[in-house]
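Visitor: Have a peek at work10.txt (compact mmCIF, C-alpha atoms and all ligand atoms).
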# COMPACT_ATOMS: atom_id res chain seq x y z
CA MET A 766 133.48 83.97 86.76
CA LEU A 767 132.36 83.64 90.36
CA SER A 768 135.00 83.80 93.03
CA ALA A 769 134.01 80.88 95.25
CA GLN A 770 131.31 78.44 94.20
CA THR A 771 131.64 75.81 96.87
CA ALA A 772 132.91 75.57 100.40
CA SER A 773 136.40 74.14 100.76
CA PRO A 774 136.69 71.05 102.98
CA GLY A 775 136.15 72.11 106.58
CA GLU A 776 134.79 75.50 105.53
CA PRO A 777 131.25 76.15 106.78
CA VAL A 778 128.37 76.50 104.31
CA ILE A 779 126.75 79.04 106.61
CA VAL A 780 129.06 81.42 108.45
CA GLY A 781 128.10 82.36 111.99
CA ASN A 782 125.50 81.10 114.42
CA ARG A 783 122.38 82.53 112.81
CA VAL A 784 120.81 82.04 109.42
CA GLU A 785 117.95 83.90 107.79
CA LEU A 786 115.66 81.89 105.55
CA GLN A 787 113.92 84.35 103.29
CA LEU A 788 110.99 82.42 101.89
CA PHE A 789 109.24 83.52 98.71
CA THR A 790 105.92 82.05 99.82
CA THR A 791 104.40 83.06 96.48
CA LEU A 792 105.53 85.12 93.50
CA LYS A 793 102.04 86.52 93.04
CA CYS A 794 101.46 90.15 93.96
CA ASN A 795 98.35 92.33 94.08
CA LEU A 796 100.28 95.48 93.08
CA LYS A 797 102.17 96.36 89.92
CA CYS A 798 105.01 98.55 91.19
CA SER A 799 106.70 100.11 88.21
CA TYR A 800 110.24 99.10 89.27
CA CYS A 801 109.77 95.66 90.92
CA SER A 802 113.13 93.87 91.00
CA LEU A 803 111.36 90.55 90.35
CA GLY A 804 110.43 91.92 86.94
CA VAL A 805 114.03 91.24 85.87
CA GLY A 806 114.17 87.80 84.26
CA LYS A 807 110.34 87.61 84.42
CA ILE A 808 110.45 86.15 87.96
CA LEU A 809 107.31 87.92 89.23
CA ARG A 810 104.20 85.70 89.06
CA SER A 811 106.24 82.84 87.57
CA GLN A 812 105.44 80.55 90.55
CA LYS A 813 102.17 80.84 92.44
CA HIS A 814 102.61 78.86 95.66
CA ALA A 815 105.32 77.07 97.57
CA THR A 816 105.54 73.55 96.18
CA TYR A 817 107.66 72.19 99.05
CA SER A 818 105.99 71.50 102.38
CA ALA A 819 106.67 72.92 105.85
CA GLU A 820 107.73 69.38 106.75
CA GLN A 821 110.36 69.33 103.97
CA LEU A 822 111.64 72.68 105.22
CA GLU A 823 111.92 71.27 108.72
CA THR A 824 113.90 68.32 107.36
CA PHE A 825 116.22 70.71 105.51
CA ILE A 826 116.77 72.74 108.68
CA SER A 827 117.47 69.72 110.84
CA THR A 828 119.88 68.31 108.22
CA HIS A 829 121.93 71.44 107.46
CA LEU A 830 121.21 74.10 110.08
CA ASP A 831 120.80 72.10 113.24
CA ASP A 832 123.47 74.07 115.12
CA LYS A 833 122.17 77.50 114.00
CA GLU A 834 119.47 79.83 115.15
CA VAL A 835 117.15 79.87 112.14
CA TYR A 836 114.83 82.81 111.64
CA ILE A 837 112.41 83.35 108.80
CA THR A 838 111.48 86.29 106.63
CA LEU A 839 108.17 85.84 104.82
CA TYR A 840 108.69 87.37 101.41
CA GLY A 841 107.20 87.39 97.94
CA GLY A 842 105.55 88.43 95.66
CA GLU A 843 103.18 89.39 98.40
CA PRO A 844 103.34 86.96 101.36
CA THR A 845 99.87 87.86 102.62
CA LEU A 846 98.52 86.08 99.51
CA ASN A 847 99.65 82.72 100.91
CA ILE A 848 98.40 82.78 104.51
CA ARG A 849 97.81 79.02 104.67
CA PHE A 850 101.52 78.31 104.13
CA VAL A 851 102.53 80.93 106.72
CA LEU A 852 100.28 79.24 109.30
CA ASP A 853 101.80 75.83 108.41
CA LEU A 854 105.30 77.24 108.91
CA MET A 855 104.48 78.83 112.24
CA ASP A 856 102.93 75.58 113.51
CA ARG A 857 105.84 73.49 112.26
CA LEU A 858 108.60 75.82 113.51
CA PRO A 859 107.37 77.06 116.90
CA ASN A 860 110.77 78.35 118.07
CA CYS A 861 111.57 80.47 115.02
CA ARG A 862 111.47 84.24 114.92
CA PHE A 863 109.42 85.53 111.97
CA ASN A 864 109.74 88.73 109.98
CA MET A 865 107.37 89.72 107.15
CA GLN A 866 108.19 91.86 104.13
CA THR A 867 104.91 93.14 102.68
CA ASN A 868 103.47 95.88 100.50
CA GLY A 869 101.10 96.53 103.42
CA THR A 870 97.89 96.78 101.40
CA LEU A 871 96.43 93.47 102.64
CA LEU A 872 97.57 93.58 106.26
CA HIS A 873 93.95 93.86 107.42
CA ARG A 874 93.43 90.29 106.15
CA VAL A 875 96.30 88.77 108.13
CA PRO A 876 94.99 86.63 111.03
CA ASN A 877 95.76 87.83 114.54
CA LYS A 878 97.51 84.51 115.18
CA ILE A 879 100.15 85.44 112.59
CA LEU A 880 100.45 89.07 113.69
CA ALA A 881 101.11 87.88 117.24
CA ARG A 882 104.09 85.80 116.06
CA LEU A 883 105.86 88.44 113.97
CA SER A 884 108.98 90.03 115.42
CA ASN A 885 108.97 92.68 112.72
CA ILE A 886 106.93 93.74 109.72
CA MET A 887 108.73 95.53 106.88
CA ILE A 888 106.21 97.63 104.97
CA SER A 889 107.22 99.01 101.59
CA VAL A 890 106.75 102.67 100.70
CA ASP A 891 108.81 104.85 98.39
CA GLY A 892 109.02 108.01 100.47
CA GLY A 893 106.02 110.33 100.73
CA GLU A 894 102.48 110.02 99.39
CA GLU A 895 103.04 111.44 95.93
CA VAL A 896 106.12 109.39 95.12
CA THR A 897 104.69 106.18 96.63
CA ASP A 898 101.39 106.48 94.78
CA GLY A 899 103.28 107.34 91.60
CA TYR A 900 105.20 104.04 91.70
CA ARG A 901 102.63 101.82 93.43
CA GLY A 902 99.20 103.14 92.50
CA LYS A 903 96.79 105.82 93.63
CA GLY A 904 95.78 105.61 97.28
CA VAL A 905 98.42 103.03 98.25
CA TYR A 906 100.32 105.31 100.65
CA ARG A 907 97.23 106.16 102.73
CA LYS A 908 96.01 102.57 102.67
CA VAL A 909 99.35 101.29 103.93
CA LEU A 910 99.61 103.83 106.73
CA ASP A 911 96.02 103.15 107.81
CA ASN A 912 96.71 99.41 107.83
CA ALA A 913 99.88 99.89 109.87
CA ALA A 914 97.93 101.89 112.46
CA ALA A 915 95.16 99.27 112.54
CA ILE A 916 97.46 96.33 113.30
CA ARG A 917 99.72 98.19 115.71
CA ALA A 918 97.97 96.83 118.83
CA LYS A 919 97.79 93.29 117.41
CA THR A 920 101.49 92.69 116.92
CA PRO A 921 104.19 92.73 119.58
CA GLY A 922 106.84 93.21 116.90
CA THR A 923 108.29 96.35 115.40
CA LEU A 924 106.88 98.05 112.30
CA THR A 925 109.49 99.19 109.81
CA ALA A 926 109.03 101.37 106.75
CA ARG A 927 111.08 99.97 103.90
CA VAL A 928 111.82 102.80 101.52
CA THR A 929 113.29 102.25 98.09
CA TRP A 930 114.80 105.70 97.63
CA TRP A 931 114.34 106.56 93.99
CA SER A 932 113.32 110.05 93.61
CA GLY A 933 115.42 113.16 94.05
CA GLU A 934 112.15 114.76 95.10
CA THR A 935 111.89 112.61 98.26
CA SER A 936 112.32 115.14 101.03
CA PHE A 937 113.79 115.15 104.52
CA GLU A 938 110.30 115.87 105.87
CA GLU A 939 108.81 112.81 104.14
CA LEU A 940 111.40 110.43 105.57
CA ASP A 941 111.31 112.16 108.95
CA ASP A 942 107.49 111.85 109.06
CA LEU A 943 107.80 108.07 108.65
CA THR A 944 109.75 107.90 111.94
CA ARG A 945 106.60 109.13 113.69
CA VAL A 946 104.50 106.26 112.32
CA PHE A 947 107.00 103.40 112.25
CA ASP A 948 109.46 102.05 114.82
CA TYR A 949 112.21 102.09 112.19
CA VAL A 950 112.77 103.51 108.75
CA TYR A 951 115.05 101.54 106.46
CA PHE A 952 116.00 103.06 103.12
CA GLN A 953 117.83 101.45 100.26
CA PHE A 954 119.16 103.43 97.32
CA ALA A 955 117.25 102.32 94.23
CA HIS A 956 118.92 99.81 91.93
CA GLU A 957 117.92 101.37 88.66
CA LYS A 958 119.75 103.09 85.86
CA GLY A 959 118.44 106.62 85.60
CA ALA A 960 117.90 107.17 89.32
CA TYR A 961 121.21 109.02 89.74
CA THR A 962 121.29 112.12 87.60
CA PRO A 963 123.66 114.73 89.05
CA GLY A 964 120.68 116.77 90.24
CA SER A 965 119.09 113.76 91.94
CA VAL A 966 122.36 112.82 93.68
CA ALA A 967 122.81 116.38 94.97
CA LYS A 968 119.27 116.40 96.36
CA LYS A 969 119.75 113.01 98.04
CA LYS A 970 122.95 114.27 99.66
CA ALA A 971 121.15 117.33 101.01
CA VAL A 972 118.47 115.08 102.56
CA LEU A 973 121.10 112.68 103.97
CA ALA A 974 122.97 115.57 105.59
CA ARG A 975 119.79 116.69 107.37
CA LEU A 976 118.89 113.17 108.51
CA ILE A 977 122.38 112.65 109.90
CA LYS A 978 122.34 116.03 111.61
CA LYS A 979 119.05 115.14 113.28
CA PHE A 980 120.39 111.71 114.30
CA PHE A 981 123.13 113.37 116.34
CA GLY A 982 121.10 116.35 117.49
CA THR A 983 117.75 114.98 118.52
CA GLY A 984 118.64 113.89 122.06
CA SER A 985 116.47 110.78 121.63
CA PHE A 986 116.91 107.73 119.43
CA TYR A 987 116.45 108.50 115.73
CA PRO A 988 115.53 105.15 114.19
CA ILE A 989 116.78 105.36 110.61
CA VAL A 990 118.54 102.07 110.04
CA PRO A 991 121.29 102.88 107.53
CA ILE A 992 122.40 105.81 109.72
CA MET A 993 122.17 103.65 112.85
CA GLY A 994 124.18 100.94 111.06
CA THR A 995 126.86 103.32 109.83
CA VAL A 996 127.30 104.77 113.32
CA ARG A 997 127.25 101.32 114.92
CA ASN A 998 129.85 100.00 112.49
CA MET A 999 132.13 102.96 113.17
CA VAL A 1000 131.74 102.90 116.95
CA LEU A 1001 131.47 99.15 117.51
CA PRO A 1002 133.22 97.44 114.57
CA SER A 1003 133.06 94.06 116.31
CA ARG A 1004 129.30 94.00 115.67
CA ILE A 1005 129.99 93.69 111.93
CA ASN A 1006 131.82 90.47 112.61
CA GLU A 1007 129.16 89.04 114.88
CA LEU A 1008 126.21 89.25 112.48
CA SER A 1009 127.80 88.89 109.04
CA ALA A 1010 131.37 87.72 109.62
CA GLY A 1011 132.75 91.13 108.59
CA MET A 1012 131.25 90.80 105.11
CA SER A 1013 128.32 92.36 103.29
CA GLN A 1014 125.80 93.60 105.85
CA CYS A 1015 122.86 92.05 103.97
CA ARG A 1016 124.41 88.65 104.85
CA VAL A 1017 124.25 87.54 101.23
CA SER A 1018 127.75 86.04 101.31
CA THR A 1019 127.41 84.38 104.69
CA ASN A 1020 124.05 83.60 106.29
CA LEU A 1021 121.07 84.46 104.09
CA LEU A 1022 119.23 81.82 102.05
CA ASN A 1023 116.51 82.94 99.64
CA VAL A 1024 114.07 80.14 98.90
CA MET A 1025 111.91 80.29 95.77
CA PRO A 1026 108.40 78.76 95.89
CA ASP A 1027 109.78 75.69 94.10
CA GLY A 1028 112.35 75.27 96.89
CA LYS A 1029 115.39 76.40 94.88
CA ILE A 1030 117.82 78.46 96.99
CA TYR A 1031 119.69 81.58 95.83
CA PRO A 1032 121.88 84.01 97.79
CA CYS A 1033 120.29 87.28 96.61
CA PRO A 1034 116.55 87.95 96.29
CA ASP A 1035 117.20 90.27 93.35
CA MET A 1036 119.14 87.71 91.29
CA LEU A 1037 116.80 84.75 91.17
CA TYR A 1038 117.10 84.85 87.39
CA GLU A 1039 120.83 84.05 87.56
CA LYS A 1040 120.84 80.25 87.44
CA GLU A 1041 124.61 80.04 87.98
CA LEU A 1042 123.95 81.39 91.50
CA LEU A 1043 121.82 78.37 92.46
CA GLN A 1044 122.90 77.53 96.00
CA GLY A 1045 120.64 74.68 97.08
CA ASP A 1046 117.20 73.08 97.04
CA ILE A 1047 114.76 72.42 99.88
CA ALA A 1048 113.07 69.45 98.16
CA GLY A 1049 116.44 67.99 97.13
CA ASN A 1050 117.72 68.71 100.65
CA TRP A 1051 121.09 70.21 99.70
CA VAL A 1052 122.83 73.55 100.16
CA LYS A 1053 126.31 74.92 99.46
CA LYS A 1054 128.20 78.09 100.35
CA SER A 1055 126.90 81.32 98.84
CA PRO A 1056 128.40 81.78 95.37
CA LEU A 1057 128.00 85.56 95.71
CA GLN A 1058 131.33 86.44 97.28
CA PRO A 1059 133.74 89.37 97.23
CA HIS A 1060 135.97 89.26 94.15
CA PRO A 1061 139.50 90.68 93.73
CA ASP A 1062 138.25 93.03 91.00
CA MET A 1063 135.84 94.75 93.40
CA PRO A 1064 137.36 97.98 94.77
CA CYS A 1065 136.02 97.64 98.32
CA ARG A 1066 139.24 96.76 100.13
CA GLN A 1067 140.86 99.97 98.90
CA CYS A 1068 137.79 102.09 99.62
CA THR A 1069 137.69 104.64 102.41
CA ALA A 1070 134.19 103.41 103.34
CA TYR A 1071 135.15 99.76 103.75
CA HIS A 1072 135.41 99.85 107.55
CA TYR A 1073 131.69 100.57 107.88
CA CYS A 1074 130.30 99.56 104.46
CA ARG A 1075 131.83 96.11 103.85
CA GLY A 1076 130.75 95.89 100.23
CA ASN A 1077 127.20 97.16 100.69
CA CYS A 1078 125.31 95.33 97.91
CA MET A 1079 127.06 92.29 96.43
CA LYS A 1080 124.59 92.29 93.53
CA ASN A 1081 125.69 95.75 92.47
CA MET A 1082 129.36 94.89 92.95
CA HIS A 1083 128.98 91.59 91.09
CA LEU A 1084 127.21 93.16 88.12
CA ALA A 1085 129.71 96.04 87.96
CA TYR A 1086 133.03 94.27 88.55
CA VAL A 1087 132.52 90.55 87.82
CA LYS A 1088 129.98 90.75 85.01
CA ASN A 1089 131.64 93.99 83.89
CA ASP A 1090 128.34 95.68 83.12
CA THR A 1091 129.69 99.17 82.46
CA ASP A 1092 126.29 100.86 82.37
CA TRP A 1093 125.36 99.31 85.73
CA ARG A 1094 128.70 100.31 87.23
CA THR A 1095 128.54 103.92 86.11
CA GLN A 1096 124.80 104.49 86.54
CA VAL A 1097 124.04 102.47 89.68
CA THR A 1098 127.03 101.06 91.60
CA GLU A 1099 129.34 104.08 91.50
CA PRO A 1100 126.66 106.68 92.34
CA ILE A 1101 125.52 104.55 95.30
CA CYS A 1102 129.11 104.13 96.50
CA ASP A 1103 129.49 107.92 96.26
CA LEU A 1104 126.39 108.34 98.45
CA ILE A 1105 127.70 105.80 100.97
CA ARG A 1106 131.03 107.62 101.22
CA PHE A 1107 129.11 110.88 101.63
CA MET A 1108 127.10 109.35 104.47
CA GLY A 1109 130.28 108.18 106.18
CA ALA A 1110 131.90 111.61 105.89
CA GLU A 1111 128.79 113.28 107.30
CA VAL A 1112 128.64 110.84 110.21
CA ASP A 1113 132.35 111.39 110.86
CA ARG A 1114 131.81 115.17 111.03
CA HIS A 1115 129.57 114.58 114.06
CA ASP A 1116 132.25 112.60 115.95
CA PRO A 1117 130.23 109.40 116.47
CA CYS A 1118 132.55 107.91 119.12
CA ARG A 1119 132.18 110.99 121.30
CA TRP A 1120 128.40 111.02 120.75
CA TYR A 1121 128.17 107.35 121.74
CA ALA A 1122 130.29 107.87 124.85
CA LYS A 1123 127.87 110.55 126.06
CA ALA A 1124 124.63 108.83 124.97
CA PRO A 1125 122.25 107.47 127.66
CA LEU A 1126 122.45 103.73 128.16
CA PRO A 1127 119.10 102.91 126.45
CA ILE A 1128 120.28 104.68 123.29
CA ARG A 1129 123.66 102.91 123.37
CA THR A 1130 121.97 99.56 123.87
CA ARG A 1131 119.53 100.08 121.02
CA LEU A 1132 122.22 101.30 118.63
CA ALA A 1133 124.39 98.29 119.42
CA ASN A 1134 121.83 95.51 119.57
CA ALA A 1135 118.63 96.44 117.73
CA GLU A 1136 117.00 93.33 116.31
CA ILE A 1137 116.12 95.22 113.13
CA TYR A 1138 119.72 94.78 111.92
CA GLU A 1139 118.91 91.10 111.37
CA PHE A 1140 115.83 91.79 109.26
CA CYS A 1141 117.13 94.22 106.66
CA GLU A 1142 120.29 94.95 104.72
CA VAL A 1143 121.59 97.48 107.31
CA MET A 1144 123.62 99.46 104.74
CA PRO A 1145 121.70 101.25 101.99
S1 LIG B 1 131.34 102.30 99.12
FE1 LIG B 1 131.32 100.90 97.38
S2 LIG B 1 133.48 100.44 96.96
FE2 LIG B 1 133.32 101.31 99.03
S3 LIG B 1 133.22 99.54 100.40
FE3 LIG B 1 131.12 100.22 99.94
S4 LIG B 1 130.46 98.99 98.18
FE4 LIG B 1 132.71 98.83 98.32
S1 LIG B 2 121.76 94.32 99.34
FE1 LIG B 2 122.14 93.66 97.23
S2 LIG B 2 123.24 91.70 97.39
FE2 LIG B 2 122.30 92.13 99.37
S3 LIG B 2 120.36 91.03 99.31
FE3 LIG B 2 119.95 93.17 98.68
S4 LIG B 2 120.11 93.15 96.43
FE4 LIG B 2 121.06 91.25 97.18
As structure tokens, what does this structure read like?

Guide:
Amino acid sequence: MLSAQTASPGEPVIVGNRVELQLFTTLKCNLKCSYCSLGVGKILRSQKHATYSAEQLETFISTHLDDKEVYITLYGGEPTLNIRFVLDLMDRLPNCRFNMQTNGTLLHRVPNKILARLSNIMISVDGGEEVTDGYRGKGVYRKVLDNAAAIRAKTPGTLTARVTWWSGETSFEELDDLTRVFDYVYFQFAHEKGAYTPGSVAKKKAVLARLIKKFFGTGSFYPIVPIMGTVRNMVLPSRINELSAGMSQCRVSTNLLNVMPDGKIYPCPDMLYEKELLQGDIAGNWVKKSPLQPHPDMPCRQCTAYHYCRGNCMKNMHLAYVKNDTDWRTQVTEPICDLIRFMGAEVDRHDPCRWYAKAPLPIRTRLANAEIYEFCEVMP
């Protein structure tokens, strides 16, 4: 049973002043990543192109989100396979900020006009070359890094490596190397049973400890988002309330709308198969409050990490504690929560408040206000 399906009278559908529209411009993709989350429920490739128009989207925004700052993440499938629709959106919504989430292999085909409008490009890799090519295909890692270098001068936005952290073999050096190529590195712990053997968890903790040590020891800004976010949430807890009303940092319970190519709206991009989570429809011009809400059976409020974590991934919590999927809870949710608590303890060991008090103003400003927090899940 879901905890809150509709907004009570007077309760806002979208919480806060900003809303992210994450548009699945197509569900086609040119890669066949072995773990793609859209494979669940056979979502991938099930819809080729957006069947609603940019004009219908504009009507939806003016009807329901008129008092919000709307920003758009271009998502898929692979969004570079539907360039025509992206151009329509940018023409129709000239004041929006745009973010793109891409596998990076087709970036050389993206028109300069689009690159010039993007505030951020999230480019998926899985760690280093061997692991990335193992999951995504031979040569993908090099291709993606070459493409990122080639578009660097054509986009004013930031380039962010989006790492799904699967392998216990992913090393500190591989993640650290990405900070030399990208403006930010965002990692998310993989949502897959089997990714958290005791050996793999121990190796991930060893890498996390080194990343966190470097964050506090480098003397310059170390742009690894989940560490930035953990430190920010500990040092400046008010920021959690400003961007996601004190709830899950991915905004899934408050101000994130995922729009399928057919215009149907869901709160979480990984649960498009769950029809009971339907939240709205662009063509039908309706939307309700996110049905993916904290539930009394979730252990977050009693958790020592709650003050910086805020429920991390509602999908994982929902599957574990509302759907009571025991395998998911023990093999995915609980190991990830263990890693999050480990991260918090490691950050605490470095006295983040003292570090922040001594940090130069540009570092303090970036930690507090980086725009990247609005384009990814913040917590891992
Ligand atoms: S670590 Fe897990 S239990 Fe704790 S607050 Fe985060 S999601 Fe909830
Ligand atoms: S972090 Fe979890 S709940 Fe949030 S958008 Fe990602 S998969 Fe969905």

Visitor: Which neighbours of Leu943 (chain A) fall inside 12 Å, counting all atoms listed in the file, when residues of the same chain fewer than 3 positions from it are skipped, and could you give them as a PyMOL selection string?

Guide: chain A and resi 888-894+906+909-910+913+924-928+936-940+946-952+987-989

Visitor: For the selection just defined, write its residues with C-alpha atoms to a file, as an mmCIF file, keeping the file's coordinate frame.

Guide:
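Result saved to result02.cif:
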data_model
loop_
_atom_site.group_PDB
_atom_site.id
_atom_site.type_symbol
_atom_site.label_atom_id
_atom_site.label_comp_id
_atom_site.auth_asym_id
_atom_site.auth_seq_id
_atom_site.Cartn_x
_atom_site.Cartn_y
_atom_site.Cartn_z
ATOM 1 C CA ILE A 888 106.210 97.630 104.970
ATOM 2 C CA SER A 889 107.220 99.010 101.590
ATOM 3 C CA VAL A 890 106.750 102.670 100.700
ATOM 4 C CA ASP A 891 108.810 104.850 98.390
ATOM 5 C CA GLY A 892 109.020 108.010 100.470
ATOM 6 C CA GLY A 893 106.020 110.330 100.730
ATOM 7 C CA GLU A 894 102.480 110.020 99.390
ATOM 8 C CA TYR A 906 100.320 105.310 100.650
ATOM 9 C CA VAL A 909 99.350 101.290 103.930
ATOM 10 C CA LEU A 910 99.610 103.830 106.730
ATOM 11 C CA ALA A 913 99.880 99.890 109.870
ATOM 12 C CA LEU A 924 106.880 98.050 112.300
ATOM 13 C CA THR A 925 109.490 99.190 109.810
ATOM 14 C CA ALA A 926 109.030 101.370 106.750
ATOM 15 C CA ARG A 927 111.080 99.970 103.900
ATOM 16 C CA VAL A 928 111.820 102.800 101.520
ATOM 17 C CA SER A 936 112.320 115.140 101.030
ATOM 18 C CA PHE A 937 113.790 115.150 104.520
ATOM 19 C CA GLU A 938 110.300 115.870 105.870
ATOM 20 C CA GLU A 939 108.810 112.810 104.140
ATOM 21 C CA LEU A 940 111.400 110.430 105.570
ATOM 22 C CA VAL A 946 104.500 106.260 112.320
ATOM 23 C CA PHE A 947 107.000 103.400 112.250
ATOM 24 C CA ASP A 948 109.460 102.050 114.820
ATOM 25 C CA TYR A 949 112.210 102.090 112.190
ATOM 26 C CA VAL A 950 112.770 103.510 108.750
ATOM 27 C CA TYR A 951 115.050 101.540 106.460
ATOM 28 C CA PHE A 952 116.000 103.060 103.120
ATOM 29 C CA TYR A 987 116.450 108.500 115.730
ATOM 30 C CA PRO A 988 115.530 105.150 114.190
ATOM 31 C CA ILE A 989 116.780 105.360 110.610
#

Visitor: Using all atoms listed in the file, which residue out of A:Arg1075, A:Arg901, A:Lys1080, A:Arg1114 lies closest to ligand LIG 2 (chain B)?

Guide: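 Comparing A:Arg1075, A:Arg901, A:Lys1080, A:Arg1114 against ligand LIG 2 (chain B), the winner is A:Lys1080.
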
Visitor: Would you please work out which residue, of A:Ala974, A:Lys1123, A:Asn1023, A:Met1063, is nearest to Phe1107 (chain A) when using only C-alpha atoms?

Guide: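 Nearest to Phe1107 (chain A): A:Ala974.
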
Visitor: Nearest residue to ligand LIG 2 (chain B) out of A:Val1000, A:Leu976, A:Leu872, A:Ala955, using all atoms listed in the file?

Guide: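 Once distances to ligand LIG 2 (chain B) are computed over all atoms listed in the file, the minimum belongs to A:Ala955.
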
Visitor: Could you state the separation of CA of Asn868 (chain A) and CA of Ala815 (chain A) in Å, given to one decimal place?

Guide: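 Computed distance, CA of Asn868 (chain A) to CA of Ala815 (chain A), equals 19.1 Å.
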
Visitor: Given all atoms listed in the file as the basis, pick out the residue of A:Arg1131, A:His1083, A:Lys1088, A:Arg849 nearest to ligand LIG 1 (chain B).

Guide: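 Ranking A:Arg1131, A:His1083, A:Lys1088, A:Arg849 by distance to ligand LIG 1 (chain B), first place goes to A:His1083.
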
Visitor: Hey, which of A:Lys833, A:Lys903, A:His1060, A:Lys1029 ends up closest to ligand LIG 1 (chain B)? Count all atoms listed in the file.

Guide: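 Checking each of A:Lys833, A:Lys903, A:His1060, A:Lys1029 against ligand LIG 1 (chain B), counting all atoms listed in the file, the winner is A:His1060.
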
Visitor: Give me the residues of chain A that have any atom at most 8 Å from an atom of ligand LIG 2 (chain B); for each, the nearest atom pair and the distance in Å, rounded to one decimal. Use all atoms listed in the file, sort by chain and number, and format it as JSON lines.

Guide:
{"residue": "A:Ser1013", "atom": "CA", "partner": "B:LIG2", "partner_atom": "FE2", "distance": 7.2}
{"residue": "A:Gln1014", "atom": "CA", "partner": "B:LIG2", "partner_atom": "FE2", "distance": 7.5}
{"residue": "A:Cys1015", "atom": "CA", "partner": "B:LIG2", "partner_atom": "FE2", "distance": 4.6}
{"residue": "A:Arg1016", "atom": "CA", "partner": "B:LIG2", "partner_atom": "FE2", "distance": 6.8}
{"residue": "A:Val1017", "atom": "CA", "partner": "B:LIG2", "partner_atom": "FE2", "distance": 5.3}
{"residue": "A:Pro1032", "atom": "CA", "partner": "B:LIG2", "partner_atom": "FE4", "distance": 7.3}
{"residue": "A:Cys1033", "atom": "CA", "partner": "B:LIG2", "partner_atom": "FE4", "distance": 4.1}
{"residue": "A:Pro1034", "atom": "CA", "partner": "B:LIG2", "partner_atom": "FE4", "distance": 5.7}
{"residue": "A:Asp1035", "atom": "CA", "partner": "B:LIG2", "partner_atom": "S4", "distance": 5.1}
{"residue": "A:Met1036", "atom": "CA", "partner": "B:LIG2", "partner_atom": "FE4", "distance": 7.1}
{"residue": "A:Leu1057", "atom": "CA", "partner": "B:LIG2", "partner_atom": "S2", "distance": 7.9}
{"residue": "A:Asn1077", "atom": "CA", "partner": "B:LIG2", "partner_atom": "S1", "distance": 6.3}
{"residue": "A:Cys1078", "atom": "CA", "partner": "B:LIG2", "partner_atom": "FE1", "distance": 3.6}
{"residue": "A:Met1079", "atom": "CA", "partner": "B:LIG2", "partner_atom": "S2", "distance": 4.0}
{"residue": "A:Lys1080", "atom": "CA", "partner": "B:LIG2", "partner_atom": "S2", "distance": 4.1}
{"residue": "A:Asn1081", "atom": "CA", "partner": "B:LIG2", "partner_atom": "FE1", "distance": 6.3}
{"residue": "A:Glu1142", "atom": "CA", "partner": "B:LIG2", "partner_atom": "S1", "distance": 5.6}
{"residue": "A:Met1144", "atom": "CA", "partner": "B:LIG2", "partner_atom": "S1", "distance": 7.7}
{"residue": "A:Pro1145", "atom": "CA", "partner": "B:LIG2", "partner_atom": "S1", "distance": 7.4}

Visitor: Could you write out that same residue set with C-alpha atoms as a PDB file, in the frame of the given file?

Guide:
ATOM      1  CA  SER A1013     128.320  92.360 103.290  1.00  0.00           C
ATOM      2  CA  GLN A1014     125.800  93.600 105.850  1.00  0.00           C
ATOM      3  CA  CYS A1015     122.860  92.050 103.970  1.00  0.00           C
ATOM      4  CA  ARG A1016     124.410  88.650 104.850  1.00  0.00           C
ATOM      5  CA  VAL A1017     124.250  87.540 101.230  1.00  0.00           C
ATOM      6  CA  PRO A1032     121.880  84.010  97.790  1.00  0.00           C
ATOM      7  CA  CYS A1033     120.290  87.280  96.610  1.00  0.00           C
ATOM      8  CA  PRO A1034     116.550  87.950  96.290  1.00  0.00           C
ATOM      9  CA  ASP A1035     117.200  90.270  93.350  1.00  0.00           C
ATOM     10  CA  MET A1036     119.140  87.710  91.290  1.00  0.00           C
ATOM     11  CA  LEU A1057     128.000  85.560  95.710  1.00  0.00           C
ATOM     12  CA  ASN A1077     127.200  97.160 100.690  1.00  0.00           C
ATOM     13  CA  CYS A1078     125.310  95.330  97.910  1.00  0.00           C
ATOM     14  CA  MET A1079     127.060  92.290  96.430  1.00  0.00           C
ATOM     15  CA  LYS A1080     124.590  92.290  93.530  1.00  0.00           C
ATOM     16  CA  ASN A1081     125.690  95.750  92.470  1.00  0.00           C
ATOM     17  CA  GLU A1142     120.290  94.950 104.720  1.00  0.00           C
ATOM     18  CA  MET A1144     123.620  99.460 104.740  1.00  0.00           C
ATOM     19  CA  PRO A1145     121.700 101.250 101.990  1.00  0.00           C
TER      20      PRO A1145
END

Visitor: Return as a ChimeraX atom specification every polymer residue, whether protein, DNA or RNA, with at least one atom no more than 9 Å from an atom of ligand LIG 1 (chain B); count all atoms listed in the file.

Guide: /A:1013,1063-1079,1081-1082,1098-1106,1144

Visitor: Which residue gives the smallest distance to Lys968 (chain A) among A:Phe789, A:Thr935, A:Glu895, A:Asn998, with all atoms listed in the file counted?

Guide: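 Looking only at the distances to Lys968 (chain A), the closest residue turns out to be A:Thr935.
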